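The file run24.txt contains compact mmCIF, C-alpha atoms:
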# COMPACT_ATOMS: atom_id res chain seq x y z
CA MET A 12 -33.49 86.88 -4.18
CA THR A 13 -34.03 88.72 -7.41
CA ILE A 14 -31.90 88.31 -10.50
CA LEU A 15 -30.50 91.83 -10.06
CA GLN A 16 -29.25 90.99 -6.59
CA ILE A 17 -27.56 87.81 -7.76
CA ALA A 18 -25.94 89.66 -10.66
CA ALA A 19 -24.73 92.47 -8.40
CA LEU A 20 -23.27 89.99 -5.92
CA ALA A 21 -21.47 88.18 -8.73
CA ALA A 22 -20.05 91.47 -10.01
CA VAL A 23 -18.81 92.35 -6.53
CA ALA A 24 -17.18 88.96 -6.05
CA VAL A 25 -15.37 89.20 -9.39
CA GLY A 26 -14.42 92.81 -8.72
CA GLY A 27 -12.91 91.98 -5.35
CA GLY A 28 -10.75 89.28 -6.89
CA ALA A 29 -9.74 91.66 -9.68
CA VAL A 30 -8.61 94.37 -7.26
CA VAL A 31 -6.30 91.96 -5.48
CA ALA A 32 -5.01 90.38 -8.66
CA ALA A 33 -4.28 93.61 -10.54
CA GLY A 34 -0.68 94.32 -11.49
CA ASP A 35 0.84 97.61 -10.51
CA PRO A 36 -0.86 100.11 -8.20
CA LEU A 37 -1.86 102.43 -11.02
CA ARG A 38 -3.93 99.75 -12.68
CA GLN A 39 -5.26 98.68 -9.33
CA THR A 40 -6.61 102.18 -8.68
CA LEU A 41 -8.73 102.05 -11.80
CA VAL A 42 -10.02 98.59 -10.94
CA LEU A 43 -10.82 99.87 -7.45
CA SER A 44 -12.94 102.64 -8.93
CA ILE A 45 -14.92 100.14 -11.00
CA TYR A 46 -15.24 97.89 -7.94
CA GLY A 47 -16.71 100.87 -6.11
CA MET A 48 -19.34 101.22 -8.82
CA ALA A 49 -20.20 97.51 -8.54
CA LEU A 50 -20.59 97.98 -4.78
CA THR A 51 -22.85 100.96 -5.42
CA MET A 52 -25.10 98.83 -7.61
CA LEU A 53 -25.18 96.18 -4.88
CA PHE A 54 -26.12 98.67 -2.20
CA PHE A 55 -28.81 100.05 -4.46
CA VAL A 56 -30.48 96.70 -5.07
CA PHE A 57 -30.26 95.99 -1.34
CA GLN A 58 -32.61 99.00 -0.95
CA ALA A 59 -30.01 101.32 0.61
CA PRO A 60 -29.85 104.51 -1.50
CA ASP A 61 -28.07 106.60 1.14
CA VAL A 62 -25.23 104.13 1.34
CA ALA A 63 -25.04 103.85 -2.45
CA LEU A 64 -24.70 107.64 -2.75
CA SER A 65 -21.97 107.70 -0.14
CA GLU A 66 -20.05 104.83 -1.73
CA ILE A 67 -20.11 106.27 -5.23
CA VAL A 68 -18.85 109.71 -4.23
CA VAL A 69 -16.07 108.25 -2.12
CA SER A 70 -14.87 105.69 -4.61
CA THR A 71 -14.88 108.01 -7.62
CA VAL A 72 -13.74 111.29 -6.05
CA GLY A 73 -12.31 110.74 -2.61
CA LEU A 74 -10.07 107.71 -2.85
CA PRO A 75 -8.52 107.65 -6.37
CA VAL A 76 -7.33 111.26 -6.10
CA MET A 77 -5.28 110.53 -3.03
CA ILE A 78 -3.90 107.24 -4.33
CA LEU A 79 -2.86 108.78 -7.65
CA LEU A 80 -1.17 111.69 -5.91
CA ALA A 81 0.72 109.34 -3.60
CA LEU A 82 1.84 107.29 -6.62
CA ARG A 83 2.98 110.43 -8.42
CA LYS A 84 5.02 111.50 -5.43
CA VAL A 85 6.69 108.10 -5.27
CA ARG A 86 7.52 108.09 -8.98
CA GLN A 87 8.82 111.65 -8.86
CA HIS A 88 11.01 110.85 -5.91
CA GLU A 89 12.36 107.80 -7.74
CA ARG A 90 13.26 109.93 -10.74
CA ALA A 91 14.93 112.60 -8.62
CA GLN A 92 16.92 109.95 -6.80
CA LYS A 93 18.08 108.45 -10.08
CA GLU A 94 19.21 111.86 -11.29
CA ARG A 95 21.10 112.44 -8.10
CA ASP A 96 22.80 109.06 -8.36
CA GLU A 97 23.87 109.74 -11.92
CA GLN A 98 25.56 113.03 -11.02
CA MET B 19 10.75 85.07 7.76
CA THR B 20 10.77 84.54 4.04
CA ARG B 21 7.85 85.22 1.80
CA THR B 22 6.98 81.57 1.17
CA THR B 23 6.97 80.78 4.89
CA ARG B 24 4.66 83.71 5.43
CA LEU B 25 2.29 82.59 2.68
CA VAL B 26 2.17 79.00 3.92
CA LEU B 27 1.40 80.15 7.45
CA PHE B 28 -1.27 82.43 6.06
CA GLY B 29 -2.77 79.55 4.09
CA ILE B 30 -3.12 77.40 7.19
CA ALA B 31 -4.50 80.24 9.30
CA ALA B 32 -6.92 81.32 6.56
CA ALA B 33 -8.23 77.78 6.19
CA GLY B 34 -9.00 77.57 9.92
CA PHE B 35 -10.44 81.06 9.92
CA GLY B 36 -12.55 80.27 6.87
CA VAL B 37 -14.09 77.25 8.58
CA VAL B 38 -15.00 79.25 11.67
CA LEU B 39 -16.33 82.11 9.53
CA ALA B 40 -18.52 79.77 7.49
CA TYR B 41 -19.86 78.16 10.65
CA GLY B 42 -20.63 81.55 12.14
CA LEU B 43 -22.26 82.97 9.05
CA ALA B 44 -24.38 79.83 8.61
CA GLY B 45 -26.03 80.58 11.94
CA LEU B 46 -27.48 83.85 10.66
CA PRO B 47 -31.13 83.88 9.57
CA ALA B 48 -31.62 83.42 5.84
CA PHE B 49 -31.14 86.45 3.64
CA GLY B 50 -34.39 88.37 3.39
CA ASP B 51 -35.80 86.95 6.61
CA TYR B 52 -35.21 89.94 8.84
CA GLN B 53 -35.66 89.06 12.51
CA GLY B 54 -34.56 92.17 14.34
CA VAL B 55 -36.83 94.42 16.35
CA TYR B 56 -35.49 97.94 15.95
CA GLY B 57 -35.99 98.13 12.21
CA HIS B 58 -39.73 97.61 12.43
CA VAL B 59 -40.06 99.96 15.39
CA ILE B 60 -38.20 102.82 13.75
CA ASP B 61 -39.90 102.32 10.38
CA GLY B 62 -43.25 102.45 12.10
CA ILE B 63 -42.81 105.53 14.23
CA GLY B 64 -39.90 107.40 12.65
CA VAL B 65 -41.88 109.76 10.47
CA THR B 66 -44.40 110.74 13.15
CA GLU B 67 -41.74 111.02 15.86
CA ARG B 68 -39.23 113.20 14.04
CA HIS B 69 -41.24 114.61 11.11
CA ALA B 70 -38.46 113.56 8.74
CA THR B 71 -39.04 111.34 5.73
CA ASP B 72 -35.48 110.04 5.35
CA LEU B 73 -35.15 107.78 8.36
CA VAL B 74 -31.47 107.03 7.77
CA THR B 75 -30.54 110.70 8.25
CA ALA B 76 -32.92 110.93 11.21
CA ILE B 77 -31.14 108.03 12.91
CA ASN B 78 -27.72 109.36 11.92
CA PHE B 79 -28.10 112.84 13.36
CA ASP B 80 -30.87 112.55 15.90
CA ILE B 81 -31.80 109.14 17.27
CA ARG B 82 -28.20 107.88 17.26
CA GLY B 83 -26.51 111.24 17.08
CA PHE B 84 -24.00 110.26 19.72
CA ASP B 85 -22.45 107.59 17.49
CA THR B 86 -22.07 110.13 14.68
CA LEU B 87 -20.23 112.43 17.07
CA GLY B 88 -17.67 109.72 17.67
CA GLU B 89 -17.34 108.88 13.99
CA GLU B 90 -16.96 112.53 13.07
CA PHE B 91 -14.07 112.86 15.44
CA ILE B 92 -12.44 109.76 13.99
CA LEU B 93 -12.53 111.61 10.67
CA PHE B 94 -11.12 114.75 12.26
CA GLY B 95 -8.37 112.76 13.93
CA SER B 96 -7.28 110.88 10.83
CA VAL B 97 -7.05 114.08 8.77
CA LEU B 98 -5.03 115.56 11.63
CA GLY B 99 -2.83 112.48 11.30
CA VAL B 100 -2.36 113.12 7.57
CA VAL B 101 -1.29 116.71 8.23
CA LEU B 102 1.13 115.69 10.96
CA ILE B 103 2.68 112.81 9.01
CA LEU B 104 3.27 114.91 5.91
CA ARG B 105 4.74 117.88 7.74
CA GLN B 106 7.92 119.40 6.42
CA MET B 107 11.00 117.59 7.65
CA ARG B 108 14.63 118.67 7.75
CA GLY B 109 16.17 118.24 4.32
CA GLU B 110 12.99 119.03 2.41
CA HIS B 111 12.27 122.29 0.72
CA ASP B 112 9.64 123.77 -1.53
CA ARG B 113 10.41 123.71 -5.20
CA PRO B 114 10.96 127.26 -6.53
CA ARG B 115 7.82 128.64 -8.14
CA GLN B 116 8.18 128.73 -11.89
CA HIS B 117 7.49 131.81 -13.89
CA GLU B 118 3.76 132.48 -14.28
CA ALA B 119 3.85 132.10 -18.05
CA ASP B 120 5.67 128.79 -17.93
CA GLU B 121 3.59 127.16 -15.26
CA HIS B 122 1.27 124.99 -17.26
CA THR B 123 -1.84 123.27 -16.13
CA PHE B 124 -1.37 120.06 -14.28
CA ALA B 125 0.04 117.37 -16.61
CA GLY B 126 -0.56 119.55 -19.66
CA ALA B 127 -4.35 119.43 -19.64
CA SER B 128 -6.03 120.25 -22.92
CA GLU B 129 -8.32 123.20 -23.55
CA ALA B 130 -11.35 120.92 -23.78
CA LEU B 131 -10.74 119.60 -20.26
CA ARG B 132 -10.40 123.12 -18.90
CA ALA B 133 -13.59 124.35 -20.57
CA LEU B 134 -15.60 121.33 -19.44
CA SER B 135 -14.30 121.62 -15.89
CA LEU B 136 -15.30 125.27 -15.69
CA ALA B 137 -18.81 124.38 -16.82
CA VAL B 138 -19.09 121.61 -14.27
CA ILE B 139 -17.95 123.51 -11.15
CA PRO B 140 -21.21 125.40 -10.40
CA ALA B 141 -23.20 122.20 -10.98
CA ILE B 142 -21.04 120.33 -8.48
CA LEU B 143 -21.39 123.03 -5.86
CA ALA B 144 -25.14 123.30 -6.35
CA ILE B 145 -25.65 119.53 -6.15
CA GLY B 146 -23.46 119.33 -3.06
CA ILE B 147 -25.37 122.01 -1.21
CA TYR B 148 -28.70 120.49 -2.33
CA ILE B 149 -27.77 117.07 -0.97
CA VAL B 150 -26.53 118.48 2.33
CA VAL B 151 -29.62 120.58 2.95
CA HIS B 152 -32.21 118.01 1.81
CA GLY B 153 -30.79 115.27 3.99
CA GLN B 154 -33.93 114.79 6.01
CA LEU B 155 -36.24 114.51 2.98
CA THR B 156 -34.47 112.35 0.38
CA PRO B 157 -31.31 110.21 0.39
CA GLY B 158 -28.47 112.49 1.32
CA GLY B 159 -27.15 114.32 4.31
CA GLY B 160 -23.94 115.79 5.59
CA PHE B 161 -21.56 112.96 4.75
CA GLN B 162 -22.47 112.49 1.11
CA GLY B 163 -22.89 116.20 0.38
CA GLY B 164 -19.62 117.02 2.10
CA VAL B 165 -17.59 114.77 -0.18
CA ILE B 166 -19.35 116.21 -3.24
CA LEU B 167 -18.56 119.74 -2.06
CA ALA B 168 -14.91 118.80 -1.65
CA ALA B 169 -14.83 117.86 -5.33
CA GLY B 170 -15.55 121.47 -6.36
CA PRO B 171 -12.15 123.05 -5.65
CA LEU B 172 -10.54 119.91 -6.99
CA VAL B 173 -12.16 120.57 -10.36
CA VAL B 174 -10.81 124.14 -10.13
CA PHE B 175 -7.41 122.52 -9.86
CA LEU B 176 -8.10 120.42 -12.97
CA ALA B 177 -9.40 123.41 -14.90
CA GLY B 178 -6.75 125.88 -13.85
CA ARG B 179 -3.54 125.69 -11.97
CA TYR B 180 -2.60 124.57 -8.52
CA LEU B 181 -2.22 128.19 -7.43
CA ARG B 182 -5.76 128.94 -8.53
CA MET B 183 -7.04 126.12 -6.35
CA ARG B 184 -5.14 127.63 -3.46
CA LEU B 185 -6.90 130.93 -4.13
CA VAL B 186 -10.34 129.33 -4.13
CA ALA B 187 -9.72 127.10 -1.11
CA PRO B 188 -7.02 128.77 1.00
CA GLU B 189 -5.53 126.57 3.62
CA THR B 190 -6.49 128.60 6.69
CA LEU B 191 -10.08 129.02 5.58
CA VAL B 192 -10.52 125.33 4.88
CA GLU B 193 -9.04 124.33 8.22
CA ILE B 194 -11.18 126.84 10.08
CA GLY B 195 -14.24 125.56 8.22
CA GLU B 196 -13.48 121.98 9.17
CA ALA B 197 -12.94 122.81 12.82
CA ALA B 198 -16.10 124.96 12.85
CA GLY B 199 -18.07 122.03 11.47
CA ALA B 200 -16.82 119.66 14.13
CA LEU B 201 -17.46 122.23 16.85
CA GLY B 202 -20.90 122.99 15.43
CA TYR B 203 -21.95 119.36 15.60
CA ALA B 204 -20.78 119.03 19.20
CA LEU B 205 -22.61 122.25 20.05
CA VAL B 206 -25.84 120.81 18.64
CA GLY B 207 -25.54 117.95 21.11
CA LEU B 208 -24.65 120.25 23.97
CA SER B 209 -27.58 122.52 23.17
CA GLY B 210 -29.80 119.49 23.49
CA LEU B 211 -28.28 118.92 26.92
CA VAL B 212 -28.65 122.53 28.00
CA LEU B 213 -32.05 123.34 26.51
CA ALA B 214 -33.88 120.03 26.71
CA GLY B 215 -32.14 118.10 29.44
CA VAL B 216 -30.78 115.23 27.34
CA PHE B 217 -27.58 115.18 25.26
CA PHE B 218 -28.57 115.31 21.58
CA LYS B 219 -32.28 115.55 22.26
CA ASN B 220 -34.04 117.39 19.47
CA PHE B 221 -34.77 120.84 20.86
CA LEU B 222 -35.74 122.78 17.72
CA PRO B 223 -39.36 122.88 16.48
CA LEU B 224 -40.03 119.80 14.38
CA GLY B 225 -41.99 121.37 11.54
CA ILE B 226 -44.11 119.57 8.97
CA SER B 227 -42.65 116.41 7.47
CA GLY B 228 -41.88 116.81 3.79
CA HIS B 229 -41.00 120.48 4.05
CA LEU B 230 -37.46 121.80 3.91
CA LEU B 231 -37.25 123.05 7.47
CA SER B 232 -38.47 119.86 9.13
CA GLY B 233 -36.85 117.50 11.55
CA GLY B 234 -35.68 120.10 14.04
CA GLN B 235 -31.95 119.82 14.48
CA LEU B 236 -31.43 117.59 11.43
CA ASP B 237 -30.79 120.61 9.19
CA VAL B 238 -28.25 122.15 11.52
CA ALA B 239 -26.46 118.89 12.23
CA SER B 240 -26.38 118.02 8.54
CA THR B 241 -24.86 121.38 7.62
CA ALA B 242 -22.25 121.12 10.37
CA VAL B 243 -21.23 117.64 9.28
CA GLY B 244 -21.20 118.70 5.61
CA LEU B 245 -18.87 121.56 6.46
CA GLU B 246 -16.61 119.28 8.43
CA VAL B 247 -16.42 116.47 5.89
CA SER B 248 -15.75 118.81 2.96
CA GLY B 249 -13.11 120.66 4.96
CA ALA B 250 -11.48 117.39 5.98
CA PHE B 251 -11.30 116.05 2.43
CA LEU B 252 -9.98 119.37 1.11
CA VAL B 253 -7.25 119.39 3.74
CA ALA B 254 -6.27 115.84 2.79
CA PHE B 255 -6.29 116.72 -0.93
CA SER B 256 -4.17 119.82 -0.31
CA GLU B 257 -1.63 117.86 1.68
CA PHE B 258 -1.23 115.25 -1.04
CA LEU B 259 -1.12 117.92 -3.77
CA ASP B 260 1.56 119.76 -1.83
CA GLN B 261 3.62 116.60 -1.65
CA ALA B 262 3.22 115.81 -5.33
CA ILE B 263 3.79 119.28 -6.73
CA VAL B 264 5.61 121.56 -4.34
CA VAL B 265 7.77 119.61 -1.90
CA SER B 266 11.03 118.08 -2.97
CA GLY B 267 14.13 116.68 -1.30
CA SER B 268 14.66 113.79 1.10
CA PRO B 269 14.23 113.92 4.83
CA ARG B 270 17.55 113.60 6.59
CA SER B 271 17.51 111.25 9.55
CA MET C 7 -29.01 80.68 -2.49
CA THR C 8 -30.20 82.50 0.60
CA PHE C 9 -26.69 82.47 2.05
CA LEU C 10 -25.07 83.91 -1.08
CA PRO C 11 -24.44 87.43 0.32
CA TYR C 12 -22.70 86.03 3.39
CA ALA C 13 -20.64 83.64 1.28
CA ILE C 14 -19.59 86.53 -0.97
CA ALA C 15 -18.66 88.56 2.10
CA ALA C 16 -16.50 85.73 3.44
CA TRP C 17 -14.84 85.39 0.01
CA LEU C 18 -14.11 89.13 -0.13
CA PHE C 19 -12.63 89.08 3.36
CA LEU C 20 -10.30 86.19 2.63
CA VAL C 21 -9.27 87.51 -0.78
CA GLY C 22 -8.49 90.93 0.66
CA LEU C 23 -6.51 89.38 3.49
CA TYR C 24 -4.51 87.36 0.98
CA GLY C 25 -3.86 90.57 -0.95
CA ILE C 26 -2.48 92.28 2.16
CA VAL C 27 -0.26 89.38 3.13
CA SER C 28 1.15 88.67 -0.30
CA SER C 29 1.79 92.14 -1.69
CA ARG C 30 5.28 93.43 -2.32
CA ASN C 31 4.19 97.04 -2.40
CA LEU C 32 2.72 99.02 0.49
CA ILE C 33 0.18 100.79 -1.70
CA ARG C 34 -1.13 97.47 -3.02
CA ALA C 35 -1.60 96.33 0.57
CA ILE C 36 -3.57 99.46 1.36
CA LEU C 37 -5.89 98.93 -1.61
CA SER C 38 -6.49 95.32 -0.61
CA LEU C 39 -7.52 96.62 2.82
CA THR C 40 -10.35 98.43 1.05
CA VAL C 41 -11.64 95.09 -0.21
CA VAL C 42 -11.59 93.68 3.34
CA GLN C 43 -13.60 96.67 4.56
CA SER C 44 -16.23 96.20 1.87
CA ALA C 45 -16.85 92.65 3.10
CA THR C 46 -18.25 94.08 6.33
CA TYR C 47 -20.55 96.40 4.40
CA VAL C 48 -22.04 93.45 2.50
CA VAL C 49 -22.66 91.50 5.72
CA LEU C 50 -24.31 94.43 7.48
CA LEU C 51 -26.61 95.28 4.61
CA GLY C 52 -27.42 91.62 4.09
CA VAL C 53 -28.53 91.31 7.70
CA GLY C 54 -30.86 94.28 7.43
CA TYR C 55 -32.60 93.31 4.22
CA SER C 56 -36.09 91.94 4.33
CA LYS C 57 -37.84 90.34 1.39
CA GLY C 58 -40.23 92.52 -0.58
CA ALA C 59 -39.34 95.61 1.45
CA GLN C 60 -38.41 99.04 0.17
CA ALA C 61 -35.90 101.69 1.13
CA PRO C 62 -36.61 103.46 4.45
CA ILE C 63 -37.44 106.75 2.71
CA PHE C 64 -41.08 107.65 3.18
CA ALA C 65 -41.18 110.72 0.96
CA ASP C 66 -43.53 109.22 -1.59
CA ILE C 67 -44.63 105.84 -0.27
CA PRO C 68 -47.25 105.43 2.44
CA GLN C 69 -45.94 105.29 5.95
CA THR C 70 -47.18 101.82 6.65
CA SER C 71 -45.30 100.11 3.79
CA LYS C 72 -42.68 97.53 4.62
CA ALA C 73 -39.12 98.90 4.74
CA VAL C 74 -35.65 97.52 5.37
CA ASP C 75 -33.75 98.14 8.57
CA PRO C 76 -32.33 101.70 8.62
CA VAL C 77 -30.00 101.22 11.59
CA VAL C 78 -27.46 99.06 9.73
CA GLN C 79 -27.54 101.52 6.85
CA VAL C 80 -26.44 104.28 9.19
CA LEU C 81 -23.49 102.20 10.33
CA VAL C 82 -22.34 101.47 6.78
CA LEU C 83 -22.91 105.03 5.55
CA THR C 84 -20.64 106.73 8.07
CA ASP C 85 -18.16 103.90 7.80
CA VAL C 86 -17.68 104.34 4.04
CA VAL C 87 -16.69 107.98 4.35
CA ILE C 88 -14.52 107.51 7.40
CA GLU C 89 -12.56 104.58 6.01
CA ALA C 90 -11.62 106.83 3.09
CA THR C 91 -9.88 109.23 5.45
CA VAL C 92 -8.22 106.39 7.33
CA THR C 93 -6.92 105.11 4.00
CA ALA C 94 -5.61 108.63 3.37
CA MET C 95 -3.64 108.45 6.59
CA LEU C 96 -2.21 105.05 5.61
CA LEU C 97 -1.20 106.47 2.22
CA ALA C 98 0.53 109.37 3.96
CA LEU C 99 2.46 106.85 6.06
CA ALA C 100 3.42 104.94 2.91
CA VAL C 101 4.67 108.11 1.19
CA GLN C 102 6.71 109.11 4.21
CA ALA C 103 8.15 105.60 4.54
CA TYR C 104 9.15 105.70 0.88
CA LYS C 105 10.89 109.02 1.30
CA ARG C 106 12.89 107.74 4.20
CA PHE C 107 13.73 104.19 3.15
CA GLY C 108 13.67 104.52 -0.62
CA SER C 109 11.42 101.54 -1.22
CA LEU C 110 7.78 100.57 -0.83
CA ASP C 111 8.54 96.94 -0.11
CA PRO C 112 7.32 95.99 3.38
CA GLN C 113 10.34 93.78 3.89
CA ASP C 114 12.76 96.68 3.36
CA LEU C 115 11.34 98.80 6.12
CA ARG C 116 13.32 98.80 9.31
CA ALA C 117 12.90 100.59 12.60
CA ILE C 118 13.92 104.21 12.46
CA GLN C 119 17.33 104.59 14.06
CA ASP C 120 17.72 108.18 15.13
Any chance you could give the structure as C-alpha cells?
Amino acid sequence: MTILQIAALAAVAVGGGAVVAAGDPLRQTLVLSIYGMALTMLFFVFQAPDVALSEIVVSTVGLPVMILLALRKVRQHERAQKERDEQ
Amino acid sequence: MTRTTRLVLFGIAAAGFGVVLAYGLAGLPAFGDYQGVYGHVIDGIGVTERHATDLVTAINFDIRGFDTLGEEFILFGSVLGVVLILRQMRGEHDRPRQHEADEHTFAGASEALRALSLAVIPAILAIGIYIVVHGQLTPGGGFQGGVILAAGPLVVFLAGRYLRMRLVAPETLVEIGEAAGALGYALVGLSGLVLAGVFFKNFLPLGISGHLLSGGQLDVASTAVGLEVSGAFLVAFSEFLDQAIVVSGSPRS
Amino acid sequence: MTFLPYAIAAWLFLVGLYGIVSSRNLIRAILSLTVVQSATYVVLLGVGYSKGAQAPIFADIPQTSKAVDPVVQVLVLTDVVIEATVTAMLLALAVQAYKRFGSLDPQDLRAIQD
C-alpha cells in the first residue's frame, strides 16, 4: 500500500468521525462536503477516476443544496410559528 | 424506551456486530491481491469487444446495461417520492409575490457573486455536455455529466432571482426531459431486443475505438441517462426551493 | 496493514450507525446515514484493487497493461448518484414531519391520527 493510500484512508476515517460528531446540522453539512472530498481522494488513489468524479459532483453540488434548503425551511417555519404564538 | 436504554442496547448489539464484521472481513483476500475472474476477462477483451476505451462506461451501459436500467428507475422513483411528499397540503398557500423591484437576490447576494456566477454558467454547461458525450472515451458518462448539468440552472438561481431560474428551467420542460431520458434508456434496451434478438445487445455500428462515435449504443444510452439524471436533480432542487421560498403555512390535519 | 481499508470501512459503518441511533435531530440522522453508505463504497473498491494496477481506462495506455476490476466501480458509481436522491426523499420526509409535528426530534413523532 502506498503512502498516499494510507493517508487517504486516515483522512476518510477522521472525516467520518467528524461528520457524526459535528454539532448542529448546518455545521455538519459543511463537514460532510469536506468528507466527500476526502472520499474523492481515496477513490482516486484506488485507481477509480469515474467513481471519484461522481462522488465529487454529488457531494459538492447535489447533496449540500438540498440539505441547506431543508434547514432553511425548518428555521423559517420555526420563526413563523414563534410570530404566530406571540400574536 | 429512554435514550440511555437505547444507547446501551445499541452498544451491546454493536459490539456483537463488530465481532462478526471483523471475522467476516478478515476472511477476504489481502488488499491488493485481487482474486476475481471477471476483472481480468473484461480488462483483456473490453476494448476489442466494444471498441470503447472507458471500460467502466462500457460495463455500465452495455455489458451490464440491465442493472443500470433498474438503478435509473430507483432514481426516477425517489424523485417521484420527493414530489409527492412535498405536494401542497390543505392549510398551505403560496406566499404573495413581492413587487419586482423589491425582490432581491437570494439572501442578498453581492454583485461580485452575481458577476462570477454569470461567467461560470456557460463553462458548467459545456463541461457537463462534454462529460456526458465523451463517456466511452475518458472517465465520465451519463451519471456524472447529468449532475454537472443540473448545477447550471442552480447557478442561474444564485446569479439572478428564483423567478429567473424558473424561466431557464421551467417545471414542465424539466419533468418532460427527465421522463424522456428514462424512456429513452428503456427504448435502447428494447431496440436491442427488437433489432438484435437480445435485450440490451449492442445493435449500432461499433466504430473505431478512440473516436467520438464509438461504442455503438454507449453514446445514446449515456445521453439518455444524462438527460434523466439532470432532470431528476433539477426537479428535486425545484421542490426544495419551492418549499424554502414560496410555500408558507402549516398543514392542517 | 493489508487489512486497513476493510478496518476503516468497519469503523465508518459503526460510527455512522452510532450517529443514527444517538441523534436528537432527524437531519443529523440522515447525514450519518451518508457515512454508513460510504463504508460500503470503501469495501467494494478495496476488493477490486490489485497491486501495481492502473485505472481501467485504455485511452492512452497499452491494452495489455494491468488494470483494476471495473465491475465494482460500476456498482459504486451508480450507487453514489442514486443514494443522493434517496437522501433527498428522506429530507423531504423530515421537512414534512417538521411541518406537521413542530419538531425534528425522533422521539416527538407520533403516528398520524386523522
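Within 6 Å of chain A, and using only C-alpha atoms, the residues found on chain C are Gly25, Arg34, Ser38, Gln60, Ala61 and Leu83 of chain C.
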- [ ] Kindly give the distance, in Å, that separates atom CA of Gly58 of chain C and atom CA of Ala19 of chain A, rounded to a single decimal.
- [x]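 Going from atom CA of Gly58 of chain C over to atom CA of Ala19 of chain A covers 17.4 Å.
Contacts from chain B to chain A at a cut-off of 7 Å (all atoms listed in the file) map to Pro157, Gly158, Gln162, Val165, Ile166, Ala169, Phe255, Phe258, Leu259, Gln261 and Ala262 of chain B.
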Residue selection dump (C-alpha atoms) as a compact mmCIF listing (two decimals), keeping the file's coordinate frame:
# COMPACT_ATOMS: atom_id res chain seq x y z
CA PRO B 157 -31.31 110.21 0.39
CA GLY B 158 -28.47 112.49 1.32
CA GLN B 162 -22.47 112.49 1.11
CA VAL B 165 -17.59 114.77 -0.18
CA ILE B 166 -19.35 116.21 -3.24
CA ALA B 169 -14.83 117.86 -5.33
CA PHE B 255 -6.29 116.72 -0.93
CA PHE B 258 -1.23 115.25 -1.04
CA LEU B 259 -1.12 117.92 -3.77
CA GLN B 261 3.62 116.60 -1.65
CA ALA B 262 3.22 115.81 -5.33
Residues of chain B that approach chain C to 7 Å or less, counting all atoms listed in the file: could you list each one with the shortest pair of atoms and its distance in Å to one decimal, rows by chain and increasing residue number, as a tab-separated table?
residue	atom	partner	partner_atom	distance
B:Leu25	CA	C:Ser28	CA	6.9
B:Leu43	CA	C:Tyr12	CA	6.4
B:Ala48	CA	C:Thr8	CA	5.5
B:Phe49	CA	C:Thr8	CA	5.1
B:Gly50	CA	C:Ser56	CA	4.1
B:Asp51	CA	C:Ser56	CA	5.5
B:Tyr52	CA	C:Ser56	CA	5.0
B:Gly57	CA	C:Asp75	CA	4.3
B:Asp61	CA	C:Ala73	CA	6.6
B:Gly62	CA	C:Thr70	CA	6.7
B:Thr71	CA	C:Phe64	CA	4.9
B:Asp72	CA	C:Ile63	CA	4.7
B:Leu73	CA	C:Pro62	CA	6.0
B:Val74	CA	C:Pro76	CA	5.5
B:Asn78	CA	C:Val80	CA	5.9
B:Leu93	CA	C:Ile88	CA	5.6
B:Ser96	CA	C:Val92	CA	5.8
B:Val97	CA	C:Thr91	CA	6.5
B:Gly99	CA	C:Met95	CA	6.3
B:Val100	CA	C:Met95	CA	4.9
B:Ile103	CA	C:Ala98	CA	6.5
B:Leu104	CA	C:Ala98	CA	6.5
B:Leu155	CA	C:Ala65	CA	6.5
B:Thr156	CA	C:Ile63	CA	6.8
B:Phe161	CA	C:Val87	CA	7.0
B:Gly228	CA	C:Ala65	CA	6.8
B:Ser268	CA	C:Lys105	CA	6.1
B:Pro269	CA	C:Arg106	CA	6.4
B:Ser271	CA	C:Asp120	CA	6.4
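Relative to atom CA of Phe79 of chain B, atom CA of Ala239 of chain B is found at 6.4 Å.
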Who sits within 10 Å of Val174 of chain B, all atoms listed in the file, same chain under 4 positions skipped, as a PDB file with C-alpha atoms, in the frame of the given file:
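For reference, part27.pdb as written:
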ATOM      1  CA  ARG B 132     -10.400 123.120 -18.900  1.00  0.00           C
ATOM      2  CA  SER B 135     -14.300 121.620 -15.890  1.00  0.00           C
ATOM      3  CA  LEU B 136     -15.300 125.270 -15.690  1.00  0.00           C
ATOM      4  CA  VAL B 138     -19.090 121.610 -14.270  1.00  0.00           C
ATOM      5  CA  ILE B 139     -17.950 123.510 -11.150  1.00  0.00           C
ATOM      6  CA  ALA B 169     -14.830 117.860  -5.330  1.00  0.00           C
ATOM      7  CA  GLY B 170     -15.550 121.470  -6.360  1.00  0.00           C
ATOM      8  CA  GLY B 178      -6.750 125.880 -13.850  1.00  0.00           C
ATOM      9  CA  ARG B 179      -3.540 125.690 -11.970  1.00  0.00           C
ATOM     10  CA  TYR B 180      -2.600 124.570  -8.520  1.00  0.00           C
ATOM     11  CA  LEU B 181      -2.220 128.190  -7.430  1.00  0.00           C
ATOM     12  CA  ARG B 182      -5.760 128.940  -8.530  1.00  0.00           C
ATOM     13  CA  MET B 183      -7.040 126.120  -6.350  1.00  0.00           C
ATOM     14  CA  ARG B 184      -5.140 127.630  -3.460  1.00  0.00           C
ATOM     15  CA  LEU B 185      -6.900 130.930  -4.130  1.00  0.00           C
ATOM     16  CA  VAL B 186     -10.340 129.330  -4.130  1.00  0.00           C
ATOM     17  CA  ALA B 187      -9.720 127.100  -1.110  1.00  0.00           C
TER      18      ALA B 187
END
Open item on the list: Report, in Å to a single decimal, how far apart atom CA of Gln235 of chain B and atom CA of Val253 of chain B are.
Closed with: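 So the two atoms, atom CA of Val253 of chain B and atom CA of Gln235 of chain B, lie 26.9 Å apart.
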Task: Exercise: segment 203-205 of chain B partners within 12 Å, all atoms listed in the file, chain neighbours under 5 positions left out, as an NGL selection string - done: :B and (79-80 or 83-91 or 160 or 196-198 or 210-213 or 217-219 or 235-247)
Open item on the list: For a quick check of understanding, using all atoms listed in the file, which of A:Val42, A:Met52, A:Ala22, A:Ile14 has the smallest distance to Thr40 of chain C?
Closed with: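 So, comparing all the options, the nearest one is A:Val42.
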TODO: Pick out the closest residue to Tyr47 of chain C from this set: C:Asp111, C:Ile14, C:Pro68, C:Val82. Count all atoms listed in the file.
DONE: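 Selected residue with least distance to Tyr47 of chain C: C:Val82.
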As JSON, please: the centre and edge lengths in Å, to one decimal, of an axis-aligned box enclosing every listed atom of segment 242-249 of chain B with 5 Å added on each side.
{"center_x": -17.7, "center_y": 119.0, "center_z": 6.7, "size_x": 19.1, "size_y": 15.1, "size_z": 17.4}
